[in-house]
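Below is one structure, written out as structure tokens; comments come after it.
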Amino acid sequence: MSLRVLLQIDIRPGWEEDFERLWYGHARYVNRLGDNHGQSLLRRTDGAGGYVVLTDWTNEPAFRAFEQSPEQQSYLKKLWPMRQGGSMSLLTVVTELAGTA
């Protein structure tokens with residue numbers, strides 16, 4: 001079984017480029033962790049400064065351990081001044097179908 005984490009992050013106006021740079025730098029670290037199976041950063045198309053992060057993990061305990069890591073806590077300290085809201089959902093992947101194109 002795998003875990004998909006969906007983060008919705010609302011960034012303060014004018015901080016979008018800084019956020020994208022910060023996220024990408026941290027994502028390169030996360031990508032090297034054995035229990036992380038990929039991640040995506042998506043920007044809302046309505047121009048409201050909203051982003052969605054999708055990241056896949058082996059399981060919830062692995063994700064929770066990552067959340068408490070010093071590296072993640074350091075990232076969050078840099079992220080918080082840029083944020084104006086957001087939410088997190090933990091999702092169990094039931095079925096996934098690849099496209100044929």
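Each chain in the structure tokens gets a letter, A, B, ..., in the order shown, and its residues are numbered from 1; ligands are numbered from 1 in order too.
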
Residues within 7 Å of segment 30-40 of chain A, only C-alpha atoms, excluding chain neighbours under 6 positions, as a PyMOL selection string | chain A and resi 53-58+62

What residues in segment 17-61 of chain A get the DSSP label strand (DSSP E)? Please answer as a VMD selection string.
-> chain A and resid 36 to 43 50 to 57

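From atom CA of Leu97 of chain A back to atom CA of Ala27 of chain A, the distance works out to 24.8 Å.
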
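Put simply, atom CA of Ile11 of chain A is 14.9 Å away from atom CA of Tyr75 of chain A.
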
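Nearest residue to Leu91 of chain A among A:Lys77, A:Arg28, A:Arg4, A:Arg12 is A:Arg4, counting only C-alpha atoms.
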
Residue set, chain A restricted to alpha helix (DSSP H), as a ChimeraX atom specification = /A:16-30,60-67,70-79

Written file, previous selection with C-alpha atoms, as a PDB file, in the first residue's frame:
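For reference, result.pdb as written:
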ATOM      1  CA  GLU A  16       5.411  32.989  -5.896  1.00  0.00           C
ATOM      2  CA  GLU A  17       8.883  32.881  -7.488  1.00  0.00           C
ATOM      3  CA  ASP A  18      10.578  32.657  -4.103  1.00  0.00           C
ATOM      4  CA  PHE A  19       8.257  29.822  -3.093  1.00  0.00           C
ATOM      5  CA  GLU A  20       8.897  27.883  -6.307  1.00  0.00           C
ATOM      6  CA  ARG A  21      12.667  28.207  -5.822  1.00  0.00           C
ATOM      7  CA  LEU A  22      12.432  27.166  -2.171  1.00  0.00           C
ATOM      8  CA  TRP A  23      10.188  24.196  -3.003  1.00  0.00           C
ATOM      9  CA  TYR A  24      12.429  22.980  -5.829  1.00  0.00           C
ATOM     10  CA  GLY A  25      15.565  23.135  -3.689  1.00  0.00           C
ATOM     11  CA  HIS A  26      13.899  21.171  -0.900  1.00  0.00           C
ATOM     12  CA  ALA A  27      12.260  18.737  -3.344  1.00  0.00           C
ATOM     13  CA  ARG A  28      15.696  17.717  -4.625  1.00  0.00           C
ATOM     14  CA  TYR A  29      16.548  16.627  -1.068  1.00  0.00           C
ATOM     15  CA  VAL A  30      13.205  14.843  -0.571  1.00  0.00           C
ATOM     16  CA  GLU A  60       2.168   6.923   6.655  1.00  0.00           C
ATOM     17  CA  PRO A  61       4.827   6.166   9.301  1.00  0.00           C
ATOM     18  CA  ALA A  62       7.574   6.960   6.762  1.00  0.00           C
ATOM     19  CA  PHE A  63       5.867  10.236   5.865  1.00  0.00           C
ATOM     20  CA  ARG A  64       5.337  11.180   9.525  1.00  0.00           C
ATOM     21  CA  ALA A  65       9.019  10.499  10.277  1.00  0.00           C
ATOM     22  CA  PHE A  66       9.976  12.774   7.381  1.00  0.00           C
ATOM     23  CA  GLU A  67       7.628  15.498   8.664  1.00  0.00           C
ATOM     24  CA  PRO A  70      15.296  18.483  11.013  1.00  0.00           C
ATOM     25  CA  GLU A  71      15.472  19.056   7.238  1.00  0.00           C
ATOM     26  CA  GLN A  72      11.690  19.332   6.915  1.00  0.00           C
ATOM     27  CA  GLN A  73      11.417  21.555   9.979  1.00  0.00           C
ATOM     28  CA  SER A  74      14.079  23.883   8.530  1.00  0.00           C
ATOM     29  CA  TYR A  75      12.175  24.054   5.225  1.00  0.00           C
ATOM     30  CA  LEU A  76       8.912  24.838   7.011  1.00  0.00           C
ATOM     31  CA  LYS A  77      10.521  27.732   8.916  1.00  0.00           C
ATOM     32  CA  LYS A  78      11.458  29.275   5.553  1.00  0.00           C
ATOM     33  CA  LEU A  79       8.039  28.515   4.041  1.00  0.00           C
TER      34      LEU A  79
END

Quick one: distance from atom CA of Pro81 of chain A to atom CA of Ala48 of chain A in Å, one decimal?
-> 17.2 Å

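Using only C-alpha atoms, the contacts of segment 82-89 of chain A at a cut-off of 6 Å, with sequence neighbours closer than 2 positions omitted, comprise Val5, Leu6, Leu7, Gln8, Ile9, Asp10, Ile11, Arg12, Leu79 and Trp80 of chain A.
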
For the residues in that selection, give me N, CA and C atoms as an mmCIF file, in the first residue's frame.
data_model
loop_
_atom_site.group_PDB
_atom_site.id
_atom_site.type_symbol
_atom_site.label_atom_id
_atom_site.label_comp_id
_atom_site.auth_asym_id
_atom_site.auth_seq_id
_atom_site.Cartn_x
_atom_site.Cartn_y
_atom_site.Cartn_z
ATOM 1 N N VAL A 5 0.220 12.204 -0.496
ATOM 2 C CA VAL A 5 -0.052 13.387 0.312
ATOM 3 C C VAL A 5 -0.391 14.523 -0.633
ATOM 4 N N LEU A 6 -1.507 15.178 -0.369
ATOM 5 C CA LEU A 6 -1.958 16.317 -1.154
ATOM 6 C C LEU A 6 -1.880 17.555 -0.265
ATOM 7 N N LEU A 7 -1.015 18.481 -0.652
ATOM 8 C CA LEU A 7 -0.874 19.739 0.071
ATOM 9 C C LEU A 7 -1.428 20.862 -0.784
ATOM 10 N N GLN A 8 -2.286 21.663 -0.224
ATOM 11 C CA GLN A 8 -2.743 22.878 -0.884
ATOM 12 C C GLN A 8 -2.084 24.033 -0.144
ATOM 13 N N ILE A 9 -1.345 24.851 -0.882
ATOM 14 C CA ILE A 9 -0.578 25.928 -0.268
ATOM 15 C C ILE A 9 -0.942 27.243 -0.947
ATOM 16 N N ASP A 10 -1.409 28.189 -0.170
ATOM 17 C CA ASP A 10 -1.707 29.533 -0.673
ATOM 18 C C ASP A 10 -0.534 30.427 -0.305
ATOM 19 N N ILE A 11 0.067 31.036 -1.331
ATOM 20 C CA ILE A 11 1.251 31.857 -1.155
ATOM 21 C C ILE A 11 0.870 33.336 -1.226
ATOM 22 N N ARG A 12 1.478 34.128 -0.384
ATOM 23 C CA ARG A 12 1.216 35.574 -0.375
ATOM 24 C C ARG A 12 1.581 36.175 -1.730
ATOM 25 N N LEU A 79 9.305 28.450 4.774
ATOM 26 C CA LEU A 79 8.039 28.515 4.041
ATOM 27 C C LEU A 79 6.986 29.373 4.752
ATOM 28 N N TRP A 80 6.910 29.290 6.056
ATOM 29 C CA TRP A 80 5.815 29.931 6.791
ATOM 30 C C TRP A 80 5.626 31.414 6.476
#

Val93 of chain A proximity check over A:Val52, A:Asn59, A:Asp46, A:Ser69, using only C-alpha atoms: winner is A:Asn59
